[in-house]
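The next block holds one structure in the form of structure tokens; read it before the comments.
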There are 2 protein chains.
Amino acid sequence: MQEKDKNNTEWRILEAAKKVFVLKGKDGARMQEIADTAGINKSLLHYYYRSKEKLFHAVFRFAISVSAPKMFEIFSSGANSFNAIEVFISEYMDLLKKHPFIPMFILGEVSKKETHFVIDVIKNSGVNVDGFCRLIEHDIENGLLRKNINPKELLVNIISLCVFPVIGRPLLGVIIFDNDTAKYDAFLNDRKRQVTDLIIHSIATNYSNYQNK
Amino acid sequence: MQEKDKNNTEWRILEAAKKVFVLKGKDGARMQEIADTAGINKSLLHYYYRSKEKLFHAVFRFAISVSAPKMFEIFSSGANSFNAIEVFISEYMDLLKKHPFIPMFILGEVSKKETHFVIDVIKNSGVNVDGFCRLIEHDIENGLLRKNINPKELLVNIISLCVFPVIGRPLLGVIIFDNDTAKYDAFLNDRKRQVTDLIIHSIATNYSNYQNK
DNA sequence: GTCTATAAATTGATAGAC
DNA sequence: GTCTATCAATTTATAGAC
């Protein structure tokens with residue numbers, strides 16, 4: 001919400017819509033619940049956003065803009081792979097802690113890809129993987145990284161290890177952590193280091209190159 | 001469907017319900033579409049399953065029964081960790097290839113945990129992680145595995161690396177694999193080896209222990 | 001068991017007063 | 001801009017004929 005003079009009601013509607021849509025999904029969300037959450041009349045939703053579809057679009061764009069941020073820019077920085085990966089994992093886990101339900105929301109909506117709207121938003125989100133791939137290839141030539149590393153596979157591994165424990169929490173919490181919330185929080189808090197160590201260890205020609213960095 | 005004399009219609013309804021519910025989710029599924037898919041009248045859905053809720057329950061139970069199978073039993077086998085993990089990853093990836101949409105369906109429904117039904121089904125699914133943990137701890141004492149390994153973290157890592165590339169396919173396909181289906185299939189087909197190598201390499205005191213096994 | 005017809009409830013959207 | 005009242009469409013569920 002850039003402009004200060006933008007109506008307060010419009011902002012409250014969007015905030016409420018974020019909560020409801022992200023938690024219940026597009027199909028499960030109810031306009032009435034969004035209105036109640038915003039503390040305003042249901043008609044105002046249509047006054048400001050025309051339709052449920054349009055309101056959902058606004059929320060989805062927000063979700064993409066928050067989770068596909070300039071985060072990938074760090075891969076274009078001058079740092080070496082070890083440093084870049086460490087920073088990425090750290091910032092990404094922080095982001096997931098701040099918005100734990102957004103990844104599931106996005107994945108859920110993208111999975112039932114009825115429209116091309118979602119695809120377009122993602123394509124226009126500015127996410128670019130090339131910088132990361134170049135950085136990895138560069139450090140392979142340097143001899144810092146093993147030669148058989150595939151940058152895209154590596155990236156998928158990093159994202160998988162960061163995101164899945166968050167979106168799978170309700171399930172993993174039951175079958176692995178015995179529904180112990182505190183235990184799961186501790187597990188997630190320690191995750192930065194775990195993932196970083198696992199990844200770096202798997203790609204470095206010499207692990208001490210990283211530890212001494 | 002155990003009994004042979006069980007009505008054919010009931011079976012067709014359940015099959016159709018699986019398709020529609022798994023693809024569209026509980027909220028997005030329509031009884032009419034299920035009836036059309038089954039090629040029968042909509043009223044028969046209620047005749048056999050009383051309500052949409054009950055039909056959903058049947059589908060959810062099926063989804064759990066298929067994806068939380070006796071797979072974890074292999075961890076109780078006499079094999080060592082390396083072998084057990086390799087077999088688990090292989091069979092799990094095969095299962096994911098056979099039912100690529102079920103994990104997303106389960107996670108989506110568990111995430112919007114309105115009822116306690118889903119939790120109960122999971123708890124009663126027979127999934128047991130203790131065998132795996134004991135096996136790992138046993139091989140740590142053996143000296144096969146590094147001492148600082150946490151079995152539960154290890155298990156989460158394995159599952160994350162296997163499942164996320166499948167449920168995240170629509171998203172990763174766009175941002176990483178440029179919407180190239182063939183490329184993504186190749187990536188997934190190579191995944192067994194990739195995940196196994198990464199995991200084993202990260203836990204073995206001596207990687208040759210595994211390669212010579 | 002299977003169908004048609006219809007009820008009953010929900011929900012997105014609009015009209016119009018203020 | 002915000003509200004009340006209401007429409008129109010959708011959708012789950014049931015009643016009853018065959």
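FYI, nothing fancy with the structure tokens labels: chains A, B, ... in order, residues from 1 per chain, ligands from 1 as they appear.
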
Excluding Gly108 (chain B) and its own-chain neighbours fewer than 3 positions away, which residues fall within 8 Å of it when counting only C-alpha atoms (C1' of nucleotides)? Please give them as a ChimeraX atom specification. /A:104,108 /B:25,104-105,111-112

Could the residues in this selection be saved with N, CA and C atoms as an mmCIF file, in the first residue's frame?
data_model
loop_
_atom_site.group_PDB
_atom_site.id
_atom_site.type_symbol
_atom_site.label_atom_id
_atom_site.label_comp_id
_atom_site.auth_asym_id
_atom_site.auth_seq_id
_atom_site.Cartn_x
_atom_site.Cartn_y
_atom_site.Cartn_z
ATOM 1 N N MET A 104 2.174 -23.012 1.014
ATOM 2 C CA MET A 104 1.112 -23.992 0.796
ATOM 3 C C MET A 104 -0.018 -23.384 -0.026
ATOM 4 N N GLY A 108 -0.937 -24.878 -3.605
ATOM 5 C CA GLY A 108 -2.296 -25.393 -3.756
ATOM 6 C C GLY A 108 -3.016 -24.789 -4.932
ATOM 7 N N GLY B 25 -9.591 -30.948 -4.604
ATOM 8 C CA GLY B 25 -9.693 -30.686 -3.177
ATOM 9 C C GLY B 25 -11.127 -30.826 -2.688
ATOM 10 N N MET B 104 -0.047 -33.802 -2.449
ATOM 11 C CA MET B 104 -0.593 -32.445 -2.412
ATOM 12 C C MET B 104 -2.007 -32.447 -1.836
ATOM 13 N N PHE B 105 -2.784 -33.440 -2.228
ATOM 14 C CA PHE B 105 -4.153 -33.557 -1.705
ATOM 15 C C PHE B 105 -4.138 -33.706 -0.190
ATOM 16 N N SER B 111 -3.687 -29.239 6.063
ATOM 17 C CA SER B 111 -3.369 -27.846 6.391
ATOM 18 C C SER B 111 -4.600 -27.082 6.860
ATOM 19 N N LYS B 112 -5.698 -27.222 6.126
ATOM 20 C CA LYS B 112 -6.938 -26.622 6.620
ATOM 21 C C LYS B 112 -7.634 -27.633 7.518
#

Only residues of chain A matter here; which ones have an atom within 8 Å of chain B, counting only C-alpha atoms? Give them as JSON, numbers by chain. {"A": [23, 24, 27, 28, 104, 107, 108, 110, 111, 112, 119, 122, 123, 127, 128, 129, 152, 153, 156, 157, 160, 161, 164, 165, 167, 168, 170, 171, 172, 174, 175, 176, 187, 198, 201, 202]}

Serialized selection, N, CA and C atoms, as a JSON list (two decimals), in the first residue's frame:
[["chain", "number", "residue", "atom", "x", "y", "z"],
["A", 23, "LEU", "N", -5.43, -19.05, 4.23],
["A", 23, "LEU", "CA", -5.73, -20.14, 5.15],
["A", 23, "LEU", "C", -6.70, -21.16, 4.57],
["A", 24, "LYS", "N", -7.71, -20.68, 3.84],
["A", 24, "LYS", "CA", -8.77, -21.58, 3.38],
["A", 24, "LYS", "C", -8.68, -21.93, 1.90],
["A", 27, "ASP", "N", -11.20, -21.83, -3.09],
["A", 27, "ASP", "CA", -12.51, -22.47, -3.05],
["A", 27, "ASP", "C", -13.12, -22.43, -1.65],
["A", 28, "GLY", "N", -12.30, -22.56, -0.65],
["A", 28, "GLY", "CA", -12.81, -22.61, 0.72],
["A", 28, "GLY", "C", -13.11, -21.26, 1.32],
["A", 104, "MET", "N", 2.17, -23.01, 1.01],
["A", 104, "MET", "CA", 1.11, -23.99, 0.80],
["A", 104, "MET", "C", -0.02, -23.38, -0.03],
["A", 107, "LEU", "N", 1.25, -23.17, -3.70],
["A", 107, "LEU", "CA", 1.33, -24.50, -4.31],
["A", 107, "LEU", "C", -0.05, -25.07, -4.56],
["A", 108, "GLY", "N", -0.94, -24.88, -3.60],
["A", 108, "GLY", "CA", -2.30, -25.39, -3.76],
["A", 108, "GLY", "C", -3.02, -24.79, -4.93],
["A", 110, "VAL", "N", -1.60, -23.20, -7.53],
["A", 110, "VAL", "CA", -0.93, -23.51, -8.79],
["A", 110, "VAL", "C", -1.26, -24.93, -9.22],
["A", 111, "SER", "N", -1.44, -25.82, -8.25],
["A", 111, "SER", "CA", -1.73, -27.22, -8.58],
["A", 111, "SER", "C", -3.05, -27.36, -9.31],
["A", 112, "LYS", "N", -4.09, -26.70, -8.79],
["A", 112, "LYS", "CA", -5.34, -26.71, -9.54],
["A", 112, "LYS", "C", -5.33, -25.56, -10.51],
["A", 119, "ILE", "N", 0.04, -18.73, -13.73],
["A", 119, "ILE", "CA", 1.28, -18.93, -14.47],
["A", 119, "ILE", "C", 1.87, -17.58, -14.87],
["A", 122, "ILE", "N", 3.49, -15.74, -11.97],
["A", 122, "ILE", "CA", 4.78, -16.33, -11.62],
["A", 122, "ILE", "C", 5.85, -15.93, -12.62],
["A", 123, "LYS", "N", 5.50, -16.01, -13.90],
["A", 123, "LYS", "CA", 6.48, -15.67, -14.93],
["A", 123, "LYS", "C", 6.91, -14.20, -14.82],
["A", 127, "VAL", "N", 11.50, -13.72, -10.88],
["A", 127, "VAL", "CA", 12.39, -14.78, -10.41],
["A", 127, "VAL", "C", 13.30, -15.21, -11.55],
["A", 128, "ASN", "N", 14.58, -15.23, -11.27],
["A", 128, "ASN", "CA", 15.53, -15.60, -12.31],
["A", 128, "ASN", "C", 16.61, -16.50, -11.72],
["A", 129, "VAL", "N", 16.76, -17.64, -12.30],
["A", 129, "VAL", "CA", 17.63, -18.67, -11.76],
["A", 129, "VAL", "C", 19.02, -18.63, -12.41],
["A", 152, "LYS", "N", 20.71, -26.70, -11.21],
["A", 152, "LYS", "CA", 19.26, -26.72, -11.02],
["A", 152, "LYS", "C", 18.84, -27.78, -10.00],
["A", 153, "GLU", "N", 19.50, -28.94, -10.08],
["A", 153, "GLU", "CA", 19.21, -29.96, -9.07],
["A", 153, "GLU", "C", 19.58, -29.45, -7.68],
["A", 156, "VAL", "N", 16.88, -27.07, -6.46],
["A", 156, "VAL", "CA", 15.69, -27.80, -6.02],
["A", 156, "VAL", "C", 15.93, -28.44, -4.66],
["A", 157, "ASN", "N", 17.12, -28.97, -4.46],
["A", 157, "ASN", "CA", 17.43, -29.58, -3.16],
["A", 157, "ASN", "C", 17.34, -28.55, -2.04],
["A", 160, "SER", "N", 13.69, -27.55, -1.48],
["A", 160, "SER", "CA", 12.96, -28.67, -0.88],
["A", 160, "SER", "C", 13.23, -28.77, 0.62],
["A", 161, "LEU", "N", 14.49, -28.71, 0.98],
["A", 161, "LEU", "CA", 14.88, -28.87, 2.38],
["A", 161, "LEU", "C", 14.39, -27.72, 3.25],
["A", 164, "PHE", "N", 9.70, -27.78, 2.53],
["A", 164, "PHE", "CA", 8.83, -28.90, 2.89],
["A", 164, "PHE", "C", 8.58, -29.04, 4.40],
["A", 165, "PRO", "N", 9.63, -28.87, 5.23],
["A", 165, "PRO", "CA", 9.35, -28.96, 6.67],
["A", 165, "PRO", "C", 8.33, -27.93, 7.16],
["A", 167, "ILE", "N", 5.66, -26.55, 5.01],
["A", 167, "ILE", "CA", 4.33, -26.87, 4.50],
["A", 167, "ILE", "C", 3.87, -28.24, 4.97],
["A", 168, "GLY", "N", 4.81, -29.11, 5.32],
["A", 168, "GLY", "CA", 4.42, -30.43, 5.78],
["A", 168, "GLY", "C", 4.27, -30.53, 7.28],
["A", 170, "PRO", "N", 1.94, -29.85, 9.54],
["A", 170, "PRO", "CA", 0.81, -30.54, 10.19],
["A", 170, "PRO", "C", 0.91, -32.05, 10.09],
["A", 171, "LEU", "N", 1.51, -32.53, 8.99],
["A", 171, "LEU", "CA", 1.64, -33.97, 8.81],
["A", 171, "LEU", "C", 2.85, -34.51, 9.57],
["A", 172, "LEU", "N", 4.00, -33.90, 9.34],
["A", 172, "LEU", "CA", 5.22, -34.34, 10.01],
["A", 172, "LEU", "C", 5.12, -34.19, 11.52],
["A", 174, "VAL", "N", 2.61, -34.74, 13.32],
["A", 174, "VAL", "CA", 1.88, -35.88, 13.88],
["A", 174, "VAL", "C", 2.69, -37.16, 13.82],
["A", 175, "ILE", "N", 3.25, -37.45, 12.63],
["A", 175, "ILE", "CA", 3.88, -38.78, 12.46],
["A", 175, "ILE", "C", 5.31, -38.83, 12.99],
["A", 176, "ILE", "N", 5.96, -37.68, 13.12],
["A", 176, "ILE", "CA", 7.37, -37.71, 13.54],
["A", 176, "ILE", "C", 7.60, -37.04, 14.89],
["A", 187, "PHE", "N", 13.05, -27.75, 16.18],
["A", 187, "PHE", "CA", 13.54, -28.38, 14.95],
["A", 187, "PHE", "C", 13.68, -27.35, 13.83],
["A", 198, "LEU", "N", 24.40, -29.54, 5.39],
["A", 198, "LEU", "CA", 24.15, -30.67, 4.49],
["A", 198, "LEU", "C", 24.48, -30.29, 3.05],
["A", 201, "HIS", "N", 28.29, -29.36, 2.50],
["A", 201, "HIS", "CA", 29.06, -30.59, 2.60],
["A", 201, "HIS", "C", 28.94, -31.44, 1.34],
["A", 202, "SER", "N", 27.78, -31.36, 0.69],
["A", 202, "SER", "CA", 27.54, -32.22, -0.48],
["A", 202, "SER", "C", 28.13, -31.65, -1.77]]

Just asking: which residues within region 55-136 of chain A are helix (DSSP H, G or I) according to DSSP, as a short mmCIF file (atom, residue, chain, number, x, y, z; two decimals) with N, CA, C and O atoms, in the first residue's frame?
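Saved result, selection08.cif, follows:
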data_model
loop_
_atom_site.label_atom_id
_atom_site.label_comp_id
_atom_site.auth_asym_id
_atom_site.auth_seq_id
_atom_site.Cartn_x
_atom_site.Cartn_y
_atom_site.Cartn_z
N LEU A 55 -10.55 -10.20 -6.23
CA LEU A 55 -9.95 -10.11 -4.91
C LEU A 55 -8.91 -11.21 -4.70
O LEU A 55 -7.83 -10.98 -4.16
N PHE A 56 -9.25 -12.38 -5.18
CA PHE A 56 -8.29 -13.48 -5.10
C PHE A 56 -7.02 -13.16 -5.89
O PHE A 56 -5.91 -13.43 -5.42
N HIS A 57 -7.18 -12.58 -7.04
CA HIS A 57 -6.02 -12.21 -7.84
C HIS A 57 -5.09 -11.27 -7.07
O HIS A 57 -3.87 -11.42 -7.10
N ALA A 58 -5.69 -10.30 -6.40
CA ALA A 58 -4.88 -9.36 -5.62
C ALA A 58 -4.10 -10.10 -4.53
O ALA A 58 -2.92 -9.83 -4.30
N VAL A 59 -4.77 -11.05 -3.88
CA VAL A 59 -4.11 -11.80 -2.82
C VAL A 59 -3.01 -12.69 -3.39
O VAL A 59 -1.91 -12.78 -2.83
N PHE A 60 -3.30 -13.31 -4.51
CA PHE A 60 -2.29 -14.21 -5.10
C PHE A 60 -1.06 -13.43 -5.53
O PHE A 60 0.07 -13.87 -5.34
N ARG A 61 -1.29 -12.26 -6.12
CA ARG A 61 -0.15 -11.43 -6.52
C ARG A 61 0.69 -11.05 -5.30
O ARG A 61 1.91 -11.06 -5.35
N PHE A 62 0.00 -10.72 -4.22
CA PHE A 62 0.73 -10.41 -2.98
C PHE A 62 1.57 -11.61 -2.54
O PHE A 62 2.75 -11.46 -2.19
N ALA A 63 0.95 -12.78 -2.56
CA ALA A 63 1.66 -13.98 -2.10
C ALA A 63 2.91 -14.23 -2.93
O ALA A 63 3.97 -14.59 -2.39
N ILE A 64 2.81 -14.04 -4.23
CA ILE A 64 3.98 -14.24 -5.09
C ILE A 64 5.02 -13.16 -4.82
O ILE A 64 6.22 -13.44 -4.70
N SER A 65 4.55 -11.93 -4.68
CA SER A 65 5.49 -10.83 -4.49
C SER A 65 6.25 -10.96 -3.18
O SER A 65 7.35 -10.43 -3.04
N VAL A 66 5.68 -11.65 -2.23
CA VAL A 66 6.33 -11.78 -0.93
C VAL A 66 7.28 -12.97 -0.89
O VAL A 66 8.27 -12.96 -0.16
N SER A 67 6.98 -14.00 -1.67
CA SER A 67 7.78 -15.22 -1.55
C SER A 67 8.72 -15.44 -2.73
O SER A 67 9.59 -16.29 -2.66
N LYS A 70 13.30 -10.40 -4.28
CA LYS A 70 14.60 -10.20 -4.90
C LYS A 70 15.64 -11.13 -4.31
O LYS A 70 16.84 -10.98 -4.52
N MET A 71 15.13 -12.09 -3.57
CA MET A 71 15.99 -13.04 -2.88
C MET A 71 17.01 -13.68 -3.80
O MET A 71 18.14 -13.94 -3.42
N PHE A 72 16.59 -13.89 -5.03
CA PHE A 72 17.50 -14.56 -5.94
C PHE A 72 18.61 -13.63 -6.44
O PHE A 72 19.54 -14.07 -7.08
N GLU A 73 18.45 -12.37 -6.10
CA GLU A 73 19.48 -11.43 -6.52
C GLU A 73 20.81 -11.71 -5.83
O GLU A 73 21.87 -11.45 -6.39
N ILE A 74 20.74 -12.21 -4.61
CA ILE A 74 21.98 -12.47 -3.88
C ILE A 74 22.87 -13.44 -4.63
O ILE A 74 24.07 -13.46 -4.46
N PHE A 75 22.24 -14.24 -5.48
CA PHE A 75 23.04 -15.20 -6.24
C PHE A 75 23.86 -14.50 -7.31
O PHE A 75 24.78 -15.08 -7.87
N SER A 76 23.49 -13.27 -7.60
CA SER A 76 24.26 -12.52 -8.59
C SER A 76 25.34 -11.67 -7.94
O SER A 76 26.09 -11.00 -8.62
N SER A 81 29.98 -19.19 -3.83
CA SER A 81 28.81 -20.05 -3.69
C SER A 81 28.48 -20.33 -2.23
O SER A 81 27.31 -20.27 -1.81
N PHE A 82 29.49 -20.64 -1.45
CA PHE A 82 29.27 -20.98 -0.05
C PHE A 82 28.53 -19.86 0.66
O PHE A 82 27.51 -20.07 1.32
N ASN A 83 29.09 -18.66 0.50
CA ASN A 83 28.49 -17.51 1.17
C ASN A 83 27.08 -17.24 0.66
O ASN A 83 26.16 -17.02 1.43
N ALA A 84 26.93 -17.28 -0.66
CA ALA A 84 25.62 -16.98 -1.25
C ALA A 84 24.57 -17.98 -0.79
O ALA A 84 23.44 -17.61 -0.44
N ILE A 85 24.92 -19.24 -0.77
CA ILE A 85 23.97 -20.27 -0.35
C ILE A 85 23.62 -20.11 1.12
O ILE A 85 22.45 -20.21 1.51
N GLU A 86 24.62 -19.82 1.93
CA GLU A 86 24.37 -19.65 3.36
C GLU A 86 23.42 -18.49 3.61
O GLU A 86 22.48 -18.60 4.40
N VAL A 87 23.65 -17.38 2.90
CA VAL A 87 22.78 -16.22 3.07
C VAL A 87 21.38 -16.52 2.56
O VAL A 87 20.38 -16.17 3.20
N PHE A 88 21.30 -17.19 1.43
CA PHE A 88 19.99 -17.51 0.87
C PHE A 88 19.17 -18.35 1.84
O PHE A 88 18.01 -18.04 2.12
N ILE A 89 19.76 -19.42 2.34
CA ILE A 89 19.03 -20.30 3.26
C ILE A 89 18.59 -19.53 4.50
O ILE A 89 17.46 -19.67 4.95
N SER A 90 19.47 -18.70 5.01
CA SER A 90 19.14 -17.95 6.21
C SER A 90 17.95 -17.02 5.98
O SER A 90 16.99 -17.02 6.75
N GLU A 91 18.02 -16.26 4.90
CA GLU A 91 16.94 -15.31 4.63
C GLU A 91 15.65 -16.02 4.23
O GLU A 91 14.55 -15.57 4.56
N TYR A 92 15.81 -17.12 3.54
CA TYR A 92 14.62 -17.85 3.10
C TYR A 92 13.89 -18.47 4.30
O TYR A 92 12.66 -18.41 4.38
N MET A 93 14.66 -19.02 5.22
CA MET A 93 14.03 -19.59 6.41
C MET A 93 13.37 -18.51 7.27
O MET A 93 12.33 -18.73 7.88
N ASP A 94 14.02 -17.35 7.32
CA ASP A 94 13.39 -16.23 8.04
C ASP A 94 12.05 -15.86 7.41
O ASP A 94 11.06 -15.62 8.11
N LEU A 95 12.05 -15.83 6.10
CA LEU A 95 10.82 -15.48 5.38
C LEU A 95 9.73 -16.51 5.65
O LEU A 95 8.56 -16.18 5.88
N LEU A 96 10.11 -17.78 5.63
CA LEU A 96 9.15 -18.85 5.88
C LEU A 96 8.60 -18.78 7.29
O LEU A 96 7.43 -19.08 7.53
N LYS A 97 9.44 -18.37 8.21
CA LYS A 97 8.97 -18.24 9.59
C LYS A 97 7.96 -17.11 9.70
O LYS A 97 7.01 -17.19 10.48
N LYS A 98 8.19 -16.07 8.91
CA LYS A 98 7.30 -14.91 8.96
C LYS A 98 5.98 -15.20 8.25
O LYS A 98 4.92 -14.71 8.66
N ILE A 102 2.00 -19.17 3.36
CA ILE A 102 1.95 -18.71 1.98
C ILE A 102 2.43 -19.77 0.98
O ILE A 102 1.80 -19.94 -0.07
N PRO A 103 3.50 -20.50 1.27
CA PRO A 103 3.94 -21.52 0.29
C PRO A 103 2.86 -22.54 -0.03
O PRO A 103 2.63 -22.88 -1.19
N MET A 104 2.17 -23.01 1.01
CA MET A 104 1.11 -23.99 0.80
C MET A 104 -0.02 -23.38 -0.03
O MET A 104 -0.59 -24.05 -0.91
N PHE A 105 -0.32 -22.14 0.26
CA PHE A 105 -1.37 -21.45 -0.51
C PHE A 105 -1.00 -21.39 -1.99
O PHE A 105 -1.81 -21.77 -2.86
N ILE A 106 0.21 -20.95 -2.27
CA ILE A 106 0.64 -20.84 -3.66
C ILE A 106 0.63 -22.20 -4.35
O ILE A 106 0.07 -22.37 -5.43
N LEU A 107 1.25 -23.17 -3.70
CA LEU A 107 1.33 -24.50 -4.31
C LEU A 107 -0.05 -25.07 -4.56
O LEU A 107 -0.30 -25.69 -5.59
N GLY A 108 -0.94 -24.88 -3.60
CA GLY A 108 -2.30 -25.39 -3.76
C GLY A 108 -3.02 -24.79 -4.93
O GLY A 108 -3.67 -25.49 -5.71
N GLU A 109 -2.89 -23.48 -5.08
CA GLU A 109 -3.59 -22.81 -6.18
C GLU A 109 -2.94 -23.11 -7.52
O GLU A 109 -3.64 -23.24 -8.53
N VAL A 110 -1.60 -23.20 -7.53
CA VAL A 110 -0.93 -23.51 -8.79
C VAL A 110 -1.26 -24.93 -9.22
O VAL A 110 -1.38 -25.22 -10.41
N SER A 111 -1.44 -25.82 -8.25
CA SER A 111 -1.73 -27.22 -8.58
C SER A 111 -3.05 -27.36 -9.31
O SER A 111 -3.14 -28.05 -10.31
N PHE A 117 -3.86 -17.39 -15.25
CA PHE A 117 -3.49 -16.21 -14.47
C PHE A 117 -2.30 -16.49 -13.56
O PHE A 117 -1.33 -15.72 -13.53
N VAL A 118 -2.37 -17.61 -12.84
CA VAL A 118 -1.31 -17.92 -11.89
C VAL A 118 0.04 -18.07 -12.59
O VAL A 118 1.07 -17.60 -12.10
N ILE A 119 0.04 -18.73 -13.73
CA ILE A 119 1.28 -18.93 -14.47
C ILE A 119 1.87 -17.58 -14.87
O ILE A 119 3.08 -17.34 -14.72
N ASP A 120 1.01 -16.70 -15.35
CA ASP A 120 1.48 -15.38 -15.78
C ASP A 120 2.11 -14.61 -14.63
O ASP A 120 3.17 -14.00 -14.78
N VAL A 121 1.43 -14.64 -13.48
CA VAL A 121 1.96 -13.91 -12.33
C VAL A 121 3.34 -14.42 -11.96
O VAL A 121 4.26 -13.66 -11.67
N ILE A 122 3.49 -15.74 -11.97
CA ILE A 122 4.78 -16.33 -11.62
C ILE A 122 5.85 -15.93 -12.62
O ILE A 122 6.95 -15.53 -12.25
N LYS A 123 5.50 -16.01 -13.90
CA LYS A 123 6.48 -15.67 -14.93
C LYS A 123 6.91 -14.20 -14.82
O LYS A 123 8.06 -13.87 -15.10
N ASP A 130 19.14 -17.86 -13.47
CA ASP A 130 20.38 -17.87 -14.26
C ASP A 130 21.59 -17.44 -13.43
O ASP A 130 22.66 -18.03 -13.53
N GLY A 131 21.38 -16.40 -12.61
CA GLY A 131 22.49 -15.92 -11.80
C GLY A 131 23.04 -17.00 -10.89
O GLY A 131 24.26 -17.17 -10.78
N PHE A 132 22.12 -17.74 -10.29
CA PHE A 132 22.55 -18.85 -9.42
C PHE A 132 23.34 -19.90 -10.20
O PHE A 132 24.42 -20.33 -9.77
N CYS A 133 22.82 -20.27 -11.35
CA CYS A 133 23.48 -21.30 -12.15
C CYS A 133 24.88 -20.86 -12.56
O CYS A 133 25.84 -21.64 -12.50
N ARG A 134 24.99 -19.60 -12.96
CA ARG A 134 26.30 -19.10 -13.38
C ARG A 134 27.29 -19.12 -12.21
O ARG A 134 28.46 -19.50 -12.37
N LEU A 135 26.79 -18.71 -11.04
CA LEU A 135 27.66 -18.68 -9.86
C LEU A 135 28.20 -20.07 -9.54
O LEU A 135 29.40 -20.26 -9.26
N ILE A 136 27.31 -21.06 -9.60
CA ILE A 136 27.73 -22.43 -9.32
C ILE A 136 28.74 -22.90 -10.35
O ILE A 136 29.81 -23.45 -10.01
#

For the contact check between chain C and chain B, emit one row per residue of chain C within 12 Å, containing the shortest atom pair and the distance in Å rounded to one decimal, counting only C-alpha atoms (C1' of nucleotides), chain then rising number order, as a tab-separated table.
residue	atom	partner	partner_atom	distance
C:DG1	C1'	B:Leu44	CA	8.5
C:DT2	C1'	B:Leu44	CA	7.5
C:DC3	C1'	B:Asn41	CA	7.4
C:DT4	C1'	B:Ser43	CA	10.0
C:DA5	C1'	B:Ser43	CA	11.4

I need the chain D residues near chain A as a list in words; criterion: at most 12 Å, counting only C-alpha atoms (C1' of nucleotides). DG1, DT2, DC3, DT4 and DA5 of chain D
